[in-house]
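Quick look at entry.tsv (TSV, N, CA and C atoms):
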chain	number	residue	atom	x	y	z
N	1	MET	N	310.04	157.54	176.07
N	1	MET	CA	309.73	156.44	175.19
N	1	MET	C	308.50	156.84	174.37
N	2	SER	N	308.57	156.61	173.07
N	2	SER	CA	307.47	156.99	172.19
N	2	SER	C	306.30	156.03	172.31
N	3	ARG	N	305.19	156.45	171.80
N	3	ARG	CA	303.97	155.64	171.81
N	3	ARG	C	304.20	154.32	171.09
N	4	LEU	N	304.89	154.34	169.95
N	4	LEU	CA	305.14	153.11	169.20
N	4	LEU	C	306.14	152.21	169.92
N	5	GLN	N	307.10	152.80	170.60
N	5	GLN	CA	308.04	151.99	171.38
N	5	GLN	C	307.33	151.29	172.52
N	6	ARG	N	306.41	151.99	173.18
N	6	ARG	CA	305.63	151.37	174.26
N	6	ARG	C	304.75	150.25	173.71
N	7	LEU	N	304.15	150.49	172.55
N	7	LEU	CA	303.30	149.47	171.93
N	7	LEU	C	304.14	148.24	171.56
N	8	ALA	N	305.33	148.46	171.03
N	8	ALA	CA	306.22	147.35	170.68
N	8	ALA	C	306.64	146.58	171.92
N	9	GLN	N	306.93	147.28	172.99
N	9	GLN	CA	307.32	146.63	174.24
N	9	GLN	C	306.18	145.78	174.80
N	10	LEU	N	304.97	146.31	174.76
N	10	LEU	CA	303.82	145.56	175.25
N	10	LEU	C	303.54	144.36	174.34
N	11	ALA	N	303.68	144.52	173.04
N	11	ALA	CA	303.49	143.40	172.11
N	11	ALA	C	304.47	142.27	172.42
N	12	GLN	N	305.72	142.62	172.64
N	12	GLN	CA	306.73	141.61	172.97
N	12	GLN	C	306.36	140.90	174.27
N	13	GLN	N	305.91	141.64	175.25
N	13	GLN	CA	305.54	141.06	176.54
N	13	GLN	C	304.35	140.12	176.39
N	14	VAL	N	303.31	140.55	175.69
N	14	VAL	CA	302.10	139.74	175.51
N	14	VAL	C	302.42	138.46	174.74
N	15	LEU	N	303.24	138.57	173.70
N	15	LEU	CA	303.53	137.41	172.86
N	15	LEU	C	304.52	136.44	173.49
N	16	SER	N	305.31	136.90	174.43
N	16	SER	CA	306.30	136.02	175.06
N	16	SER	C	305.78	135.38	176.35
N	17	ASP	N	304.69	135.89	176.90
N	17	ASP	CA	304.17	135.40	178.17
N	17	ASP	C	302.70	135.02	177.99
N	18	PRO	N	302.41	133.76	177.72
N	18	PRO	CA	301.02	133.34	177.41
N	18	PRO	C	300.10	133.30	178.62
N	19	GLN	N	299.91	134.41	179.28
N	19	GLN	CA	299.00	134.50	180.42
N	19	GLN	C	297.57	134.71	179.91
N	20	PRO	N	296.59	134.28	180.70
N	20	PRO	CA	295.20	134.56	180.31
N	20	PRO	C	294.90	136.06	180.42
N	21	HIS	N	293.80	136.46	179.86
N	21	HIS	CA	293.34	137.84	179.91
N	21	HIS	C	294.32	138.77	179.19
N	22	VAL	N	294.42	138.58	177.90
N	22	VAL	CA	295.30	139.38	177.05
N	22	VAL	C	294.85	140.84	177.09
N	23	PRO	N	295.75	141.77	177.40
N	23	PRO	CA	295.37	143.18	177.50
N	23	PRO	C	295.08	143.80	176.14
N	24	SER	N	294.25	144.80	176.15
N	24	SER	CA	293.94	145.54	174.94
N	24	SER	C	295.14	146.42	174.57
N	25	PRO	N	295.40	146.57	173.27
N	25	PRO	CA	296.47	147.47	172.84
N	25	PRO	C	296.03	148.94	172.79
N	26	CYS	N	294.79	149.23	173.11
N	26	CYS	CA	294.28	150.59	173.02
N	26	CYS	C	295.09	151.53	173.92
N	27	VAL	N	295.47	152.68	173.35
N	27	VAL	CA	296.18	153.71	174.10
N	27	VAL	C	295.41	155.03	174.09
N	28	SER	N	294.12	154.94	173.76
N	28	SER	CA	293.21	156.09	173.75
N	28	SER	C	293.64	157.19	172.78
N	29	ILE	N	294.25	156.79	171.69
N	29	ILE	CA	294.53	157.70	170.58
N	29	ILE	C	293.78	157.10	169.39
N	30	CYS	N	292.52	157.45	169.28
N	30	CYS	CA	291.63	156.79	168.33
N	30	CYS	C	291.45	157.64	167.08
N	31	SER	N	292.32	157.40	166.12
N	31	SER	CA	292.28	158.12	164.86
N	31	SER	C	292.75	157.16	163.77
N	32	MET	N	291.91	156.96	162.78
N	32	MET	CA	292.25	156.01	161.72
N	32	MET	C	293.11	156.67	160.66
N	33	ASN	N	294.18	155.97	160.28
N	33	ASN	CA	295.05	156.44	159.20
N	33	ASN	C	294.36	156.12	157.88
N	34	PRO	N	294.12	157.11	157.02
N	34	PRO	CA	293.39	156.86	155.77
N	34	PRO	C	294.13	155.95	154.79
N	35	GLN	N	295.46	155.94	154.84
N	35	GLN	CA	296.21	155.08	153.93
N	35	GLN	C	296.26	153.63	154.41
N	36	SER	N	296.67	153.42	155.64
N	36	SER	CA	296.84	152.05	156.15
N	36	SER	C	295.54	151.44	156.64
N	37	GLN	N	294.57	152.30	157.01
N	37	GLN	CA	293.31	151.85	157.61
N	37	GLN	C	293.51	151.24	158.99
N	38	TRP	N	294.59	151.65	159.68
N	38	TRP	CA	294.87	151.21	161.04
N	38	TRP	C	294.73	152.41	161.96
N	39	CYS	N	294.36	152.12	163.20
N	39	CYS	CA	294.30	153.16	164.21
N	39	CYS	C	295.71	153.70	164.45
N	40	GLU	N	295.84	155.00	164.55
N	40	GLU	CA	297.15	155.62	164.80
N	40	GLU	C	297.69	155.25	166.17
N	41	GLY	N	296.82	154.96	167.13
N	41	GLY	CA	297.26	154.64	168.48
N	41	GLY	C	297.69	153.20	168.68
N	42	CYS	N	296.89	152.25	168.18
N	42	CYS	CA	297.15	150.84	168.48
N	42	CYS	C	297.45	149.99	167.25
N	43	LEU	N	297.36	150.56	166.08
N	43	LEU	CA	297.64	149.88	164.82
N	43	LEU	C	296.70	148.71	164.52
N	44	ARG	N	295.47	148.79	165.05
N	44	ARG	CA	294.46	147.79	164.71
N	44	ARG	C	293.52	148.34	163.64
N	45	SER	N	292.93	147.43	162.86
N	45	SER	CA	291.91	147.82	161.90
N	45	SER	C	290.58	148.02	162.63
N	46	LEU	N	289.63	148.62	161.95
N	46	LEU	CA	288.31	148.81	162.56
N	46	LEU	C	287.67	147.48	162.94
N	47	SER	N	287.82	146.46	162.10
N	47	SER	CA	287.23	145.16	162.42
N	47	SER	C	287.92	144.54	163.63
N	48	GLU	N	289.24	144.68	163.74
N	48	GLU	CA	289.97	144.14	164.90
N	48	GLU	C	289.54	144.84	166.19
N	49	ILE	N	289.32	146.14	166.10
N	49	ILE	CA	288.86	146.90	167.26
N	49	ILE	C	287.45	146.46	167.64
N	50	GLY	N	286.58	146.34	166.66
N	50	GLY	CA	285.19	145.98	166.92
N	50	GLY	C	285.02	144.57	167.46
N	51	GLU	N	285.89	143.66	167.05
N	51	GLU	CA	285.78	142.26	167.47
N	51	GLU	C	286.52	141.96	168.77
N	52	TRP	N	287.31	142.90	169.26
N	52	TRP	CA	288.17	142.65	170.41
N	52	TRP	C	287.41	142.12	171.62
N	53	SER	N	286.31	142.72	171.98
N	53	SER	CA	285.60	142.32	173.20
N	53	SER	C	284.99	140.93	173.11
N	54	ARG	N	284.79	140.41	171.90
N	54	ARG	CA	284.24	139.07	171.72
N	54	ARG	C	285.31	138.02	171.43
N	55	ALA	N	286.53	138.46	171.23
N	55	ALA	CA	287.62	137.55	170.87
N	55	ALA	C	288.12	136.79	172.08
N	56	ASP	N	288.55	135.54	171.84
N	56	ASP	CA	289.19	134.79	172.92
N	56	ASP	C	290.67	135.16	172.98
N	57	ASP	N	291.37	134.64	173.97
N	57	ASP	CA	292.78	135.02	174.15
N	57	ASP	C	293.64	134.66	172.94
N	58	ALA	N	293.37	133.54	172.30
N	58	ALA	CA	294.15	133.15	171.12
N	58	ALA	C	293.94	134.15	169.98
N	59	GLN	N	292.72	134.58	169.78
N	59	GLN	CA	292.44	135.57	168.73
N	59	GLN	C	293.09	136.92	169.07
N	60	LYS	N	293.06	137.28	170.34
N	60	LYS	CA	293.69	138.53	170.76
N	60	LYS	C	295.19	138.48	170.56
N	61	ARG	N	295.81	137.34	170.85
N	61	ARG	CA	297.25	137.21	170.60
N	61	ARG	C	297.57	137.30	169.12
N	62	GLN	N	296.68	136.79	168.28
N	62	GLN	CA	296.88	136.91	166.84
N	62	GLN	C	296.87	138.37	166.42
N	63	VAL	N	295.98	139.16	167.00
N	63	VAL	CA	295.95	140.61	166.70
N	63	VAL	C	297.26	141.24	167.16
N	64	TRP	N	297.75	140.84	168.33
N	64	TRP	CA	299.05	141.37	168.81
N	64	TRP	C	300.17	140.99	167.84
N	65	ARG	N	300.12	139.78	167.26
N	65	ARG	CA	301.14	139.39	166.27
N	65	ARG	C	301.08	140.31	165.05
N	66	LEU	N	299.86	140.62	164.62
N	66	LEU	CA	299.70	141.53	163.49
N	66	LEU	C	300.23	142.91	163.82
N	67	ILE	N	299.96	143.37	165.04
N	67	ILE	CA	300.47	144.68	165.48
N	67	ILE	C	302.00	144.67	165.46
N	68	ALA	N	302.60	143.60	165.96
N	68	ALA	CA	304.07	143.50	165.97
N	68	ALA	C	304.62	143.58	164.55
N	69	GLU	N	303.96	142.94	163.60
N	69	GLU	CA	304.39	143.00	162.19
N	69	GLU	C	304.21	144.41	161.64
N	70	ARG	N	303.11	145.04	161.97
N	70	ARG	CA	302.84	146.39	161.48
N	70	ARG	C	303.85	147.39	162.04
N	71	LEU	N	304.29	147.17	163.25
N	71	LEU	CA	305.28	148.06	163.85
N	71	LEU	C	306.58	148.05	163.06
N	72	LYS	N	306.90	146.94	162.44
N	72	LYS	CA	308.14	146.82	161.66
N	72	LYS	C	308.11	147.72	160.43
N	73	THR	N	306.92	148.00	159.92
N	73	THR	CA	306.82	148.80	158.70
N	73	THR	C	306.27	150.20	158.95
N	74	HIS	N	305.92	150.50	160.19
N	74	HIS	CA	305.29	151.78	160.51
N	74	HIS	C	306.32	152.83	160.86

Using the file provided, produce a representation of the structure as structure tokens.
Amino acid sequence: MSRLQRLAQLAQQVLSDPQPHVPSPCVSICSMNPQSQWCEGCLRSLSEIGEWSRADDAQKRQVWRLIAERLKTH
């Protein structure tokens, strides 16, 4: 299973099961794409990455929704 397939699977799981303590999408592949400005590993922007530790679960789920949308075009 590819890295993006695993990310898509985790996004589906997080968005379908509203449990507390939303997991980070980080997969330890930290390299920013110069065109999209998203991390190659988790498809988050620098601001989304930087704000993650201060975000509440609702904000984290919103980032997961954005990741799910980005996966459709990536």

Exercise for the section: Would you kindly return, as JSON, numbers by chain, each protein, DNA or RNA residue with an atom no farther than 8 Å from any atom of Leu43 of chain N, considering all atoms listed in the file and excluding same-chain residues fewer than 2 positions away? Expected result: {"N": [25, 26, 27, 37, 38, 39, 40, 41, 45, 46, 49, 63, 66, 67, 68, 70, 71]}

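Protein, DNA and RNA residues at most 12 Å from (309.2, 138.4, 169.4), with only C-alpha atoms, are these: Ala8, Gln9, Leu10, Ala11, Gln12, Gln13, Val14, Leu15, Ser16, Asp17, Trp64, Arg65, Leu66, Ile67, Ala68, Glu69, Leu71 and Lys72 of chain N.
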
Could you save those same residues with N, CA and C atoms as a PDB file, keeping the file's coordinate frame?
ATOM      1  N   ALA N   8     305.330 148.460 171.030  1.00  0.00           N
ATOM      2  CA  ALA N   8     306.220 147.350 170.680  1.00  0.00           C
ATOM      3  C   ALA N   8     306.640 146.580 171.920  1.00  0.00           C
ATOM      4  N   GLN N   9     306.930 147.280 172.990  1.00  0.00           N
ATOM      5  CA  GLN N   9     307.320 146.630 174.240  1.00  0.00           C
ATOM      6  C   GLN N   9     306.180 145.780 174.800  1.00  0.00           C
ATOM      7  N   LEU N  10     304.970 146.310 174.760  1.00  0.00           N
ATOM      8  CA  LEU N  10     303.820 145.560 175.250  1.00  0.00           C
ATOM      9  C   LEU N  10     303.540 144.360 174.340  1.00  0.00           C
ATOM     10  N   ALA N  11     303.680 144.520 173.040  1.00  0.00           N
ATOM     11  CA  ALA N  11     303.490 143.400 172.110  1.00  0.00           C
ATOM     12  C   ALA N  11     304.470 142.270 172.420  1.00  0.00           C
ATOM     13  N   GLN N  12     305.720 142.620 172.640  1.00  0.00           N
ATOM     14  CA  GLN N  12     306.730 141.610 172.970  1.00  0.00           C
ATOM     15  C   GLN N  12     306.360 140.900 174.270  1.00  0.00           C
ATOM     16  N   GLN N  13     305.910 141.640 175.250  1.00  0.00           N
ATOM     17  CA  GLN N  13     305.540 141.060 176.540  1.00  0.00           C
ATOM     18  C   GLN N  13     304.350 140.120 176.390  1.00  0.00           C
ATOM     19  N   VAL N  14     303.310 140.550 175.690  1.00  0.00           N
ATOM     20  CA  VAL N  14     302.100 139.740 175.510  1.00  0.00           C
ATOM     21  C   VAL N  14     302.420 138.460 174.740  1.00  0.00           C
ATOM     22  N   LEU N  15     303.240 138.570 173.700  1.00  0.00           N
ATOM     23  CA  LEU N  15     303.530 137.410 172.860  1.00  0.00           C
ATOM     24  C   LEU N  15     304.520 136.440 173.490  1.00  0.00           C
ATOM     25  N   SER N  16     305.310 136.900 174.430  1.00  0.00           N
ATOM     26  CA  SER N  16     306.300 136.020 175.060  1.00  0.00           C
ATOM     27  C   SER N  16     305.780 135.380 176.350  1.00  0.00           C
ATOM     28  N   ASP N  17     304.690 135.890 176.900  1.00  0.00           N
ATOM     29  CA  ASP N  17     304.170 135.400 178.170  1.00  0.00           C
ATOM     30  C   ASP N  17     302.700 135.020 177.990  1.00  0.00           C
ATOM     31  N   TRP N  64     297.750 140.840 168.330  1.00  0.00           N
ATOM     32  CA  TRP N  64     299.050 141.370 168.810  1.00  0.00           C
ATOM     33  C   TRP N  64     300.170 140.990 167.840  1.00  0.00           C
ATOM     34  N   ARG N  65     300.120 139.780 167.260  1.00  0.00           N
ATOM     35  CA  ARG N  65     301.140 139.390 166.270  1.00  0.00           C
ATOM     36  C   ARG N  65     301.080 140.310 165.050  1.00  0.00           C
ATOM     37  N   LEU N  66     299.860 140.620 164.620  1.00  0.00           N
ATOM     38  CA  LEU N  66     299.700 141.530 163.490  1.00  0.00           C
ATOM     39  C   LEU N  66     300.230 142.910 163.820  1.00  0.00           C
ATOM     40  N   ILE N  67     299.960 143.370 165.040  1.00  0.00           N
ATOM     41  CA  ILE N  67     300.470 144.680 165.480  1.00  0.00           C
ATOM     42  C   ILE N  67     302.000 144.670 165.460  1.00  0.00           C
ATOM     43  N   ALA N  68     302.600 143.600 165.960  1.00  0.00           N
ATOM     44  CA  ALA N  68     304.070 143.500 165.970  1.00  0.00           C
ATOM     45  C   ALA N  68     304.620 143.580 164.550  1.00  0.00           C
ATOM     46  N   GLU N  69     303.960 142.940 163.600  1.00  0.00           N
ATOM     47  CA  GLU N  69     304.390 143.000 162.190  1.00  0.00           C
ATOM     48  C   GLU N  69     304.210 144.410 161.640  1.00  0.00           C
ATOM     49  N   LEU N  71     304.290 147.170 163.250  1.00  0.00           N
ATOM     50  CA  LEU N  71     305.280 148.060 163.850  1.00  0.00           C
ATOM     51  C   LEU N  71     306.580 148.050 163.060  1.00  0.00           C
ATOM     52  N   LYS N  72     306.900 146.940 162.440  1.00  0.00           N
ATOM     53  CA  LYS N  72     308.140 146.820 161.660  1.00  0.00           C
ATOM     54  C   LYS N  72     308.110 147.720 160.430  1.00  0.00           C
TER      55      LYS N  72
END

Practice task
Would you please extract all alpha helix (DSSP H) residues from chain N, as assigned by DSSP on the backbone, and give them as an NGL selection string?
Solution key: :N and (3-16 or 46-51 or 57-73)

Exercise for the section: To one decimal in Å, tell me the separation between atom N of Glu48 of chain N and atom C of Gln62 of chain N. Expected result: 10.3 Å

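The space separating atom C of Ala55 of chain N from atom C of Arg6 of chain N comes to 21.5 Å.
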